[in-house]
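Visitor: This is data_32.cif, which holds mmCIF, C-alpha atoms:
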data_coords
#
loop_
_atom_site.label_atom_id
_atom_site.label_comp_id
_atom_site.auth_asym_id
_atom_site.auth_seq_id
_atom_site.Cartn_x
_atom_site.Cartn_y
_atom_site.Cartn_z
CA MET A 1 99.17 140.67 173.95
CA LYS A 2 99.94 139.76 177.50
CA ILE A 3 98.44 136.25 177.80
CA LEU A 4 100.14 135.24 174.55
CA LYS A 5 103.56 136.44 175.69
CA GLU A 6 103.12 134.68 179.03
CA ARG A 7 102.18 131.49 177.23
CA ILE A 8 105.22 131.73 174.95
CA MET A 9 107.45 132.16 178.03
CA LYS A 10 105.81 129.16 179.67
CA ASP A 11 105.46 126.71 176.79
CA GLY A 12 107.62 127.98 173.92
CA ARG A 13 110.91 126.18 173.36
CA VAL A 14 113.98 127.63 171.71
CA PHE A 15 116.15 125.47 169.45
CA PRO A 16 119.45 126.21 167.68
CA GLY A 17 119.15 128.34 164.56
CA ASN A 18 116.71 130.83 166.07
CA VAL A 19 113.88 128.31 166.06
CA LEU A 20 111.00 129.03 168.45
CA LYS A 21 108.75 126.01 168.80
CA VAL A 22 105.20 126.67 169.89
CA ASP A 23 103.81 123.35 168.75
CA SER A 24 102.15 122.54 172.06
CA PHE A 25 99.62 125.37 171.74
CA ILE A 26 99.72 126.98 168.26
CA ASN A 27 101.29 124.80 165.58
CA HIS A 28 100.50 121.14 166.07
CA GLN A 29 98.52 120.88 169.28
CA ILE A 30 96.28 123.96 169.45
CA ASP A 31 94.75 125.77 172.41
CA THR A 32 91.55 126.90 170.71
CA GLY A 33 90.55 129.02 173.72
CA LEU A 34 93.70 131.07 173.15
CA MET A 35 92.94 131.18 169.40
CA ALA A 36 89.49 132.60 170.17
CA GLU A 37 91.11 135.33 172.29
CA ILE A 38 93.56 136.04 169.47
CA GLY A 39 90.62 136.28 167.08
CA GLU A 40 88.98 138.81 169.38
CA GLU A 41 92.20 140.84 169.60
CA PHE A 42 92.61 141.06 165.79
CA LYS A 43 88.96 142.01 165.48
CA ARG A 44 89.58 144.84 167.97
CA ARG A 45 92.66 146.05 166.07
CA TYR A 46 91.04 145.89 162.63
CA ASP A 47 87.50 146.89 163.56
CA ASN A 48 85.91 149.52 161.30
CA CYS A 49 88.46 148.85 158.54
CA GLY A 50 85.81 147.43 156.22
CA ILE A 51 87.38 143.96 156.08
CA THR A 52 85.39 141.66 153.76
CA LYS A 53 87.60 138.58 153.91
CA VAL A 54 90.31 136.90 155.97
CA LEU A 55 93.11 135.15 154.05
CA THR A 56 95.65 132.72 155.48
CA ILE A 57 97.89 129.91 154.26
CA GLU A 58 97.70 126.24 155.10
CA ALA A 59 98.21 124.58 157.49
CA SER A 60 99.15 126.33 160.72
CA GLY A 61 97.42 129.63 159.88
CA ILE A 62 94.00 128.02 159.56
CA ALA A 63 93.01 127.57 163.21
CA ILE A 64 93.98 131.14 164.08
CA ALA A 65 92.34 132.68 161.01
CA SER A 66 89.16 130.64 161.60
CA PHE A 67 88.53 132.50 164.84
CA VAL A 68 89.49 135.87 163.37
CA ALA A 69 87.01 135.38 160.51
CA TYR A 70 84.36 134.08 162.89
CA LYS A 71 84.68 137.04 165.26
CA MET A 72 84.64 139.49 162.33
CA GLY A 73 81.72 137.76 160.62
CA VAL A 74 83.44 137.44 157.23
CA PRO A 75 84.48 134.42 155.13
CA LEU A 76 87.89 132.80 155.54
CA VAL A 77 89.96 131.75 152.54
CA PHE A 78 93.07 129.65 152.93
CA ALA A 79 95.74 129.60 150.26
CA LYS A 80 96.99 126.16 149.31
CA LYS A 81 100.60 125.11 148.89
CA THR A 82 101.33 123.03 145.84
CA GLN A 83 104.30 121.70 143.93
CA THR A 84 102.19 120.83 140.91
CA LYS A 85 103.91 121.87 137.69
CA ASN A 86 100.73 122.83 135.90
CA ILE A 87 98.93 125.66 137.63
CA ALA A 88 95.33 125.98 136.46
CA SER A 89 94.16 129.24 134.91
CA ASP A 90 91.35 129.67 137.43
CA VAL A 91 93.71 130.41 140.33
CA TYR A 92 95.91 133.28 141.47
CA THR A 93 99.40 132.08 142.24
CA ALA A 94 102.61 133.25 143.88
CA LYS A 95 105.98 131.60 144.43
CA VAL A 96 107.17 131.34 148.03
CA THR A 97 110.62 130.29 149.22
CA SER A 98 110.54 128.39 152.49
CA TYR A 99 113.83 128.74 154.34
CA THR A 100 112.63 126.29 156.99
CA HIS A 101 111.97 123.53 154.48
CA GLY A 102 114.57 124.59 151.94
CA ARG A 103 112.32 124.67 148.91
CA VAL A 104 110.17 126.82 146.65
CA TYR A 105 106.47 126.14 146.39
CA ASP A 106 103.51 127.72 144.65
CA VAL A 107 100.72 129.21 146.70
CA ILE A 108 97.33 129.26 145.03
CA VAL A 109 93.90 130.75 145.64
CA SER A 110 90.90 130.15 143.41
CA LYS A 111 89.90 133.29 141.50
CA GLU A 112 86.33 132.81 142.68
CA PHE A 113 87.16 133.60 146.27
CA ILE A 114 89.01 136.91 146.10
CA THR A 115 87.66 139.66 143.88
CA SER A 116 88.36 143.33 143.26
CA ALA A 117 85.54 144.17 145.69
CA ASP A 118 87.45 142.63 148.62
CA LYS A 119 89.35 144.28 151.44
CA VAL A 120 91.50 141.52 152.83
CA LEU A 121 93.04 140.92 156.25
CA ILE A 122 95.94 138.45 155.99
CA ILE A 123 96.55 136.26 159.04
CA ASP A 124 99.53 134.03 159.80
CA ASP A 125 101.16 132.41 162.80
CA PHE A 126 104.76 133.60 162.18
CA LEU A 127 106.46 136.48 160.42
CA ALA A 128 110.24 136.12 159.98
CA ASN A 129 111.68 136.83 156.52
CA GLY A 130 108.20 137.64 155.23
CA GLN A 131 108.20 135.35 152.20
CA ALA A 132 104.81 133.74 152.86
CA LEU A 133 103.21 137.10 153.62
CA LEU A 134 104.67 138.64 150.44
CA GLY A 135 103.19 135.75 148.47
CA LEU A 136 99.75 136.33 149.97
CA ILE A 137 99.98 140.08 149.31
CA GLU A 138 100.86 139.34 145.68
CA ILE A 139 97.78 137.10 145.38
CA VAL A 140 95.45 139.74 146.85
CA ARG A 141 96.83 142.34 144.45
CA SER A 142 96.57 139.99 141.47
CA ALA A 143 92.85 139.86 142.24
CA GLY A 144 92.67 143.66 142.22
CA ALA A 145 91.65 143.53 145.89
CA GLU A 146 92.96 145.72 148.69
CA VAL A 147 95.25 144.52 151.51
CA ALA A 148 93.79 146.05 154.66
CA GLY A 149 96.70 144.74 156.69
CA ALA A 150 98.30 141.70 158.22
CA GLY A 151 97.73 140.09 161.61
CA ILE A 152 100.63 138.02 162.89
CA VAL A 153 100.72 135.99 166.10
CA ILE A 154 104.51 135.93 166.56
CA GLU A 155 106.92 138.23 164.71
CA LYS A 156 110.65 137.60 164.86
CA SER A 157 111.57 141.26 164.75
CA PHE A 158 115.29 140.43 164.50
CA GLN A 159 114.58 139.18 160.98
CA ASP A 160 113.71 141.65 158.26
CA GLY A 161 110.28 140.58 156.99
CA GLY A 162 108.30 142.93 159.22
CA LYS A 163 110.42 145.98 158.33
CA LEU A 164 110.29 145.14 154.62
CA ILE A 165 106.50 144.84 154.57
CA ARG A 166 105.79 147.88 156.79
CA ASN A 167 108.17 149.95 154.63
CA SER A 168 106.08 149.00 151.60
CA GLY A 169 103.16 150.76 153.27
CA ILE A 170 101.25 147.77 154.62
CA ARG A 171 99.95 147.78 158.18
CA VAL A 172 101.28 144.82 160.17
CA GLU A 173 99.93 144.05 163.64
CA SER A 174 101.92 141.44 165.58
CA LEU A 175 100.67 140.19 168.93
CA ALA A 176 104.11 139.17 170.19
CA MET A 177 107.33 140.76 168.87
CA VAL A 178 110.34 138.56 169.63
CA SER A 179 113.53 140.63 169.46
CA SER A 180 115.94 137.83 170.31
CA LEU A 181 116.19 134.08 170.85
CA GLU A 182 119.86 134.20 171.84
CA ASN A 183 121.15 131.81 174.51
CA GLY A 184 117.91 129.86 174.30
CA THR A 185 115.95 132.72 175.84
CA VAL A 186 112.92 134.47 174.40
CA THR A 187 113.20 138.27 174.62
CA PHE A 188 110.24 140.46 173.63
CA GLU A 189 110.38 144.05 172.37
CA ASP A 190 109.76 146.73 175.04
CA MET B 1 72.04 118.29 160.01
CA LYS B 2 69.44 120.30 158.13
CA ILE B 3 71.29 123.59 157.51
CA LEU B 4 74.33 121.69 156.26
CA LYS B 5 72.30 119.62 153.78
CA GLU B 6 70.53 122.74 152.55
CA ARG B 7 73.88 124.44 152.05
CA ILE B 8 75.25 121.47 150.13
CA MET B 9 72.18 121.55 147.85
CA LYS B 10 72.63 125.28 147.34
CA ASP B 11 76.43 125.63 146.97
CA GLY B 12 77.85 122.12 146.44
CA ARG B 13 78.86 121.26 142.87
CA VAL B 14 79.05 117.79 141.40
CA PHE B 15 81.82 116.89 138.96
CA PRO B 16 82.47 113.71 136.97
CA GLY B 17 83.99 110.85 138.96
CA ASN B 18 81.66 111.30 141.95
CA VAL B 19 83.41 114.49 143.03
CA LEU B 20 81.40 116.77 145.30
CA LYS B 21 83.04 120.20 145.54
CA VAL B 22 82.20 122.24 148.62
CA ASP B 23 85.13 124.61 148.29
CA SER B 24 83.02 127.76 148.56
CA PHE B 25 82.07 127.07 152.20
CA ILE B 26 84.11 124.17 153.67
CA ASN B 27 87.32 123.40 151.80
CA HIS B 28 88.99 126.50 150.45
CA GLN B 29 86.69 129.39 151.32
CA ILE B 30 85.17 128.64 154.71
CA ASP B 31 81.92 129.79 156.30
CA THR B 32 83.11 129.90 159.90
CA GLY B 33 79.60 130.57 161.19
CA LEU B 34 78.56 127.22 159.75
CA MET B 35 81.72 125.64 161.22
CA ALA B 36 80.74 126.95 164.67
CA GLU B 37 77.30 125.35 164.30
CA ILE B 38 78.95 122.10 163.19
CA GLY B 39 81.17 122.31 166.28
CA GLU B 40 78.09 122.68 168.47
CA GLU B 41 76.41 119.69 166.79
CA PHE B 42 79.40 117.38 167.34
CA LYS B 43 79.61 118.55 170.93
CA ARG B 44 75.92 117.61 171.36
CA ARG B 45 76.47 114.18 169.84
CA TYR B 46 79.61 113.39 171.81
CA ASP B 47 78.76 115.11 175.08
CA ASN B 48 79.41 113.05 178.21
CA CYS B 49 81.75 110.72 176.32
CA GLY B 50 84.78 111.87 178.27
CA ILE B 51 86.57 113.28 175.21
CA THR B 52 89.99 114.70 176.17
CA LYS B 53 91.27 115.63 172.72
CA VAL B 54 90.12 116.33 169.16
CA LEU B 55 92.31 114.99 166.34
CA THR B 56 92.12 115.96 162.68
CA ILE B 57 94.36 116.01 159.61
CA GLU B 58 95.69 118.99 157.69
CA ALA B 59 94.53 121.03 155.94
CA SER B 60 90.77 121.03 155.38
CA GLY B 61 89.91 119.35 158.69
CA ILE B 62 91.49 122.10 160.78
CA ALA B 63 88.81 124.81 160.61
CA ILE B 64 86.02 122.35 161.46
CA ALA B 65 87.95 120.65 164.24
CA SER B 66 88.96 124.02 165.72
CA PHE B 67 85.35 124.80 166.53
CA VAL B 68 84.62 121.28 167.78
CA ALA B 69 87.58 121.47 170.18
CA TYR B 70 86.64 124.99 171.23
CA LYS B 71 83.03 124.07 171.98
CA MET B 72 84.14 120.95 173.88
CA GLY B 73 86.87 122.81 175.77
CA VAL B 74 89.64 120.35 174.89
CA PRO B 75 92.89 120.70 172.91
CA LEU B 76 93.00 120.15 169.16
CA VAL B 77 95.80 118.19 167.52
CA PHE B 78 96.23 118.11 163.78
CA ALA B 79 98.13 115.32 162.07
CA LYS B 80 100.64 116.44 159.48
CA LYS B 81 101.09 114.97 156.03
CA THR B 82 104.66 114.38 155.00
CA GLN B 83 106.57 112.69 152.23
CA THR B 84 109.82 112.85 154.14
CA LYS B 85 111.72 109.58 153.92
CA ASN B 86 113.11 109.76 157.43
CA ILE B 87 110.37 109.71 160.03
CA ALA B 88 111.60 110.85 163.44
CA SER B 89 111.28 108.51 166.42
CA ASP B 90 109.31 111.03 168.45
CA VAL B 91 106.19 110.76 166.26
CA TYR B 92 103.43 108.25 165.66
CA THR B 93 102.99 107.57 161.99
CA ALA B 94 100.59 105.88 159.57
CA LYS B 95 100.60 105.46 155.80
CA VAL B 96 97.60 106.85 153.95
CA THR B 97 96.73 106.29 150.29
CA SER B 98 95.06 109.28 148.68
CA TYR B 99 92.92 108.21 145.73
CA THR B 100 92.19 111.86 144.93
CA HIS B 101 95.85 112.75 144.58
CA GLY B 102 97.05 109.31 143.50
CA ARG B 103 99.83 108.93 146.04
CA VAL B 104 100.80 107.52 149.41
CA TYR B 105 101.88 109.83 152.19
CA ASP B 106 102.82 109.48 155.83
CA VAL B 107 100.66 111.05 158.48
CA ILE B 108 102.45 112.00 161.69
CA VAL B 109 101.58 113.17 165.18
CA SER B 110 104.13 114.05 167.83
CA LYS B 111 104.14 111.51 170.68
CA GLU B 112 103.87 114.36 173.15
CA PHE B 113 100.35 115.24 172.11
CA ILE B 114 98.47 111.95 172.32
CA THR B 115 99.01 109.71 175.32
CA SER B 116 97.44 106.57 176.75
CA ALA B 117 95.31 108.78 179.03
CA ASP B 118 93.48 110.29 176.03
CA LYS B 119 90.01 109.61 174.72
CA VAL B 120 90.07 111.01 171.21
CA LEU B 121 87.35 112.34 168.90
CA ILE B 122 88.55 112.27 165.28
CA ILE B 123 87.12 114.97 163.00
CA ASP B 124 87.34 115.23 159.22
CA ASP B 125 85.50 116.96 156.40
CA PHE B 126 84.92 113.92 154.16
CA LEU B 127 84.60 110.17 154.59
CA ALA B 128 84.70 108.15 151.35
CA ASN B 129 86.98 105.13 151.25
CA GLY B 130 88.08 105.79 154.82
CA GLN B 131 91.84 105.77 154.27
CA ALA B 132 92.58 109.00 156.14
CA LEU B 133 90.33 108.01 159.04
CA LEU B 134 91.96 104.57 159.28
CA GLY B 135 95.36 106.28 159.44
CA LEU B 136 94.22 108.54 162.27
CA ILE B 137 92.71 105.57 164.16
CA GLU B 138 96.03 103.72 163.79
CA ILE B 139 97.86 106.72 165.26
CA VAL B 140 95.51 106.98 168.26
CA ARG B 141 95.92 103.28 168.96
CA SER B 142 99.71 103.45 168.58
CA ALA B 143 99.59 105.94 171.45
CA GLY B 144 97.58 103.49 173.57
CA ALA B 145 94.75 106.02 173.58
CA GLU B 146 91.07 105.29 173.02
CA VAL B 147 89.09 106.31 169.91
CA ALA B 148 85.82 107.69 171.26
CA GLY B 149 84.48 108.02 167.73
CA ALA B 150 84.65 109.98 164.52
CA GLY B 151 82.78 113.10 163.46
CA ILE B 152 82.46 113.59 159.71
CA VAL B 153 80.88 116.52 157.93
CA ILE B 154 80.05 114.75 154.63
CA GLU B 155 80.03 110.98 154.22
CA LYS B 156 79.79 109.45 150.76
CA SER B 157 77.77 106.44 151.91
CA PHE B 158 77.97 104.88 148.44
CA GLN B 159 81.67 104.27 149.11
CA ASP B 160 82.68 101.69 151.67
CA GLY B 161 84.76 103.62 154.25
CA GLY B 162 81.88 104.25 156.65
CA LYS B 163 80.71 100.63 156.64
CA LEU B 164 84.28 99.37 157.09
CA ILE B 165 84.94 101.58 160.10
CA ARG B 166 81.54 101.08 161.78
CA ASN B 167 81.93 97.32 161.34
CA SER B 168 85.23 97.51 163.20
CA GLY B 169 83.25 98.78 166.20
CA ILE B 170 83.98 102.49 165.95
CA ARG B 171 81.19 105.03 166.29
CA VAL B 172 80.96 107.30 163.24
CA GLU B 173 78.66 110.33 163.24
CA SER B 174 78.21 111.98 159.84
CA LEU B 175 76.26 115.21 159.54
CA ALA B 176 75.34 114.68 155.88
CA MET B 177 75.16 111.21 154.30
CA VAL B 178 75.34 111.43 150.52
CA SER B 179 73.95 108.24 148.96
CA SER B 180 74.46 109.23 145.33
CA LEU B 181 75.99 111.86 143.06
CA GLU B 182 74.63 110.32 139.87
CA ASN B 183 73.55 112.58 137.03
CA GLY B 184 75.19 115.52 138.75
CA THR B 185 72.61 115.48 141.55
CA VAL B 186 73.25 115.20 145.28
CA THR B 187 70.97 112.64 146.95
CA PHE B 188 71.00 112.27 150.74
CA GLU B 189 70.09 109.16 152.72
CA ASP B 190 66.50 109.01 154.02
#
Here is the file; what I need is its structure written in the form of structure tokens.

Guide:
Amino acid sequence: MKILKERIMKDGRVFPGNVLKVDSFINHQIDTGLMAEIGEEFKRRYDNCGITKVLTIEASGIAIASFVAYKMGVPLVFAKKTQTKNIASDVYTAKVTSYTHGRVYDVIVSKEFITSADKVLIIDDFLANGQALLGLIEIVRSAGAEVAGAGIVIEKSFQDGGKLIRNSGIRVESLAMVSSLENGTVTFED
Amino acid sequence: MKILKERIMKDGRVFPGNVLKVDSFINHQIDTGLMAEIGEEFKRRYDNCGITKVLTIEASGIAIASFVAYKMGVPLVFAKKTQTKNIASDVYTAKVTSYTHGRVYDVIVSKEFITSADKVLIIDDFLANGQALLGLIEIVRSAGAEVAGAGIVIEKSFQDGGKLIRNSGIRVESLAMVSSLENGTVTFED
């Protein structure tokens, strides 16, 4: 997606450890005009797939997924992160390891909001090692629902999450594929 | 706001302890069509106020505030909740007591994203005792920016947050004012 890649080149900042910060327009401060265009782009890519629900994970997926769900005319559900020891029986749950924050947390979705009748599009801002996305896929499958695919804003294609998930047969659409952050420079695929 | 009140009557659920659950359309599953209408309503109420930025707090404020910011054509910033002991020097911070979760957390916003040139509209889903809103007001003022007002989806007017904040001279616009949840029934003001 051209305007997204241009914006990453302009406002993204690379930090040691392959960190790409986009907190001036995606992650902390948000350019909602760009999010609306991203929503339109995912709608275009997943049109006629029979999507009944958009699923994301708090917090930075919510703004993006809001516009995707709005453009597609389906409800949005966001999975919640929790470190509560006692998980209630009325939720689907998956364990996710966060390498960024160095901890394991539970991701939960109320059983009311995903059912076996659903065809779910999963949306997230980043795909790197794929842990969060795998957790969301596990939740959708626990509900007996179908994963129609995933829509990712920025994929770090030099990490193995994207390959892992595509190899498992799930469609993954990423709007910007970053192949390298070496020497503080963002390089895109193609 | 009529359609919001009707929706609360239809899909809101009252639980012991004055808990109003709206997690089927605002808090966990989200009706983004309704959020877009809420965005339009806040734009109408705060039009011509010179708003330069919308501020909310993760996670349940983000979807609402995304549409407010989009309709107003200004950036959205969401404050992050953290329990990290070491707060960096490049953020504004405020302590917020959550009665719901029975703990105190820090709310942070990067200094880059609110400046003394900003006139800020604060958006949140609920206003009850006002602790989160007071934290966000403190952050805006720490930046030397102006609070143009607050936009709340559901105010529990039988708790004292709204009165407290209005008495301090801040404009608060709430789209649904709930005066009572007694006997499991939602009663609105007027």

Visitor: I need the chain A residues near chain B as an mmCIF file with C-alpha atoms, in the coordinates of the input; criterion: at most 7 Å, counting all atoms listed in the file.

Guide:
data_model
loop_
_atom_site.group_PDB
_atom_site.id
_atom_site.type_symbol
_atom_site.label_atom_id
_atom_site.label_comp_id
_atom_site.auth_asym_id
_atom_site.auth_seq_id
_atom_site.Cartn_x
_atom_site.Cartn_y
_atom_site.Cartn_z
ATOM 1 C CA HIS A 28 100.500 121.140 166.070
ATOM 2 C CA GLN A 29 98.520 120.880 169.280
ATOM 3 C CA ILE A 30 96.280 123.960 169.450
ATOM 4 C CA ASP A 31 94.750 125.770 172.410
ATOM 5 C CA THR A 32 91.550 126.900 170.710
ATOM 6 C CA GLY A 33 90.550 129.020 173.720
ATOM 7 C CA GLU A 58 97.700 126.240 155.100
ATOM 8 C CA ALA A 59 98.210 124.580 157.490
ATOM 9 C CA ILE A 62 94.000 128.020 159.560
ATOM 10 C CA ALA A 63 93.010 127.570 163.210
ATOM 11 C CA SER A 66 89.160 130.640 161.600
ATOM 12 C CA ALA A 69 87.010 135.380 160.510
ATOM 13 C CA TYR A 70 84.360 134.080 162.890
ATOM 14 C CA PRO A 75 84.480 134.420 155.130
ATOM 15 C CA LEU A 76 87.890 132.800 155.540
ATOM 16 C CA VAL A 77 89.960 131.750 152.540
ATOM 17 C CA PHE A 78 93.070 129.650 152.930
ATOM 18 C CA PHE A 113 87.160 133.600 146.270
#

Visitor: What would the selection look like, as a ChimeraX atom specification, if the PyMOL selection byres ((chain B and resi 89) around 12) were run on the coordinates I just shared?

Guide: /B:86-88,90-93,108-112

Visitor: Pick the closest to Phe126 in chain A from A:Ile139, A:Val107, A:Val22, A:Met72: which is it, counting all atoms listed in the file?

Guide: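 For Phe126 in chain A, the nearest of the candidates is A:Val22.
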
Visitor: If I take CA of Met177 in chain B and CA of Ile8 in chain B, how far is one from the other in Å, to one decimal?

Guide: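 CA of Ile8 in chain B lies 11.1 Å from CA of Met177 in chain B.
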
Visitor: List, as a list in words, every residue that the PyMOL selection byres ((chain A and resi 137) around 10) selects in the file provided.

Guide: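 Applied to this file, the PyMOL selection byres ((chain A and resi 137) around 10) selects Leu55, Ala94, Val120, Leu121, Ile122, Gln131, Ala132, Leu133, Leu134, Gly135, Leu136, Glu138, Ile139, Val140, Arg141, Ser142, Ala145, Glu146, Val147, Gly149, Ala150, Ile165 and Ile170 of chain A.
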
Visitor: Got a sec to check which residues sit within 9 Å of (71.5, 118.8, 159.6), counting all atoms listed in the file, and write them as a list in words?

Guide: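 Looking at atoms near the point gives Met1, Lys2, Ile3, Leu4, Lys5, Glu6, Ile38, Glu41, Leu175 and Ala176 of chain B.
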
Visitor: Expand the PyMOL selection byres ((chain B and resi 153) around 6) into the individual residues it matches in the shown file, reporting them as a VMD selection string.

Guide: chain B and resid 125 152 154 174 to 175

Visitor: By how many Å are CA of Thr185 in chain A and CA of Ser157 in chain A apart?

Guide: 14.7 Å

Visitor: Could you check the closest approach to Ser179 in chain A for each of A:Glu37, A:Leu20, A:Gly102, A:Gly130 and tell me which residue wins, using all atoms listed in the file?

Guide: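 Of A:Glu37, A:Leu20, A:Gly102, A:Gly130, the one nearest Ser179 in chain A, counting all atoms listed in the file, is A:Leu20.
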
Visitor: Would you work out the distance separating CA of Ser98 in chain A from CA of Tyr46 in chain A, expressed in Å to one decimal?

Guide: 28.1 Å
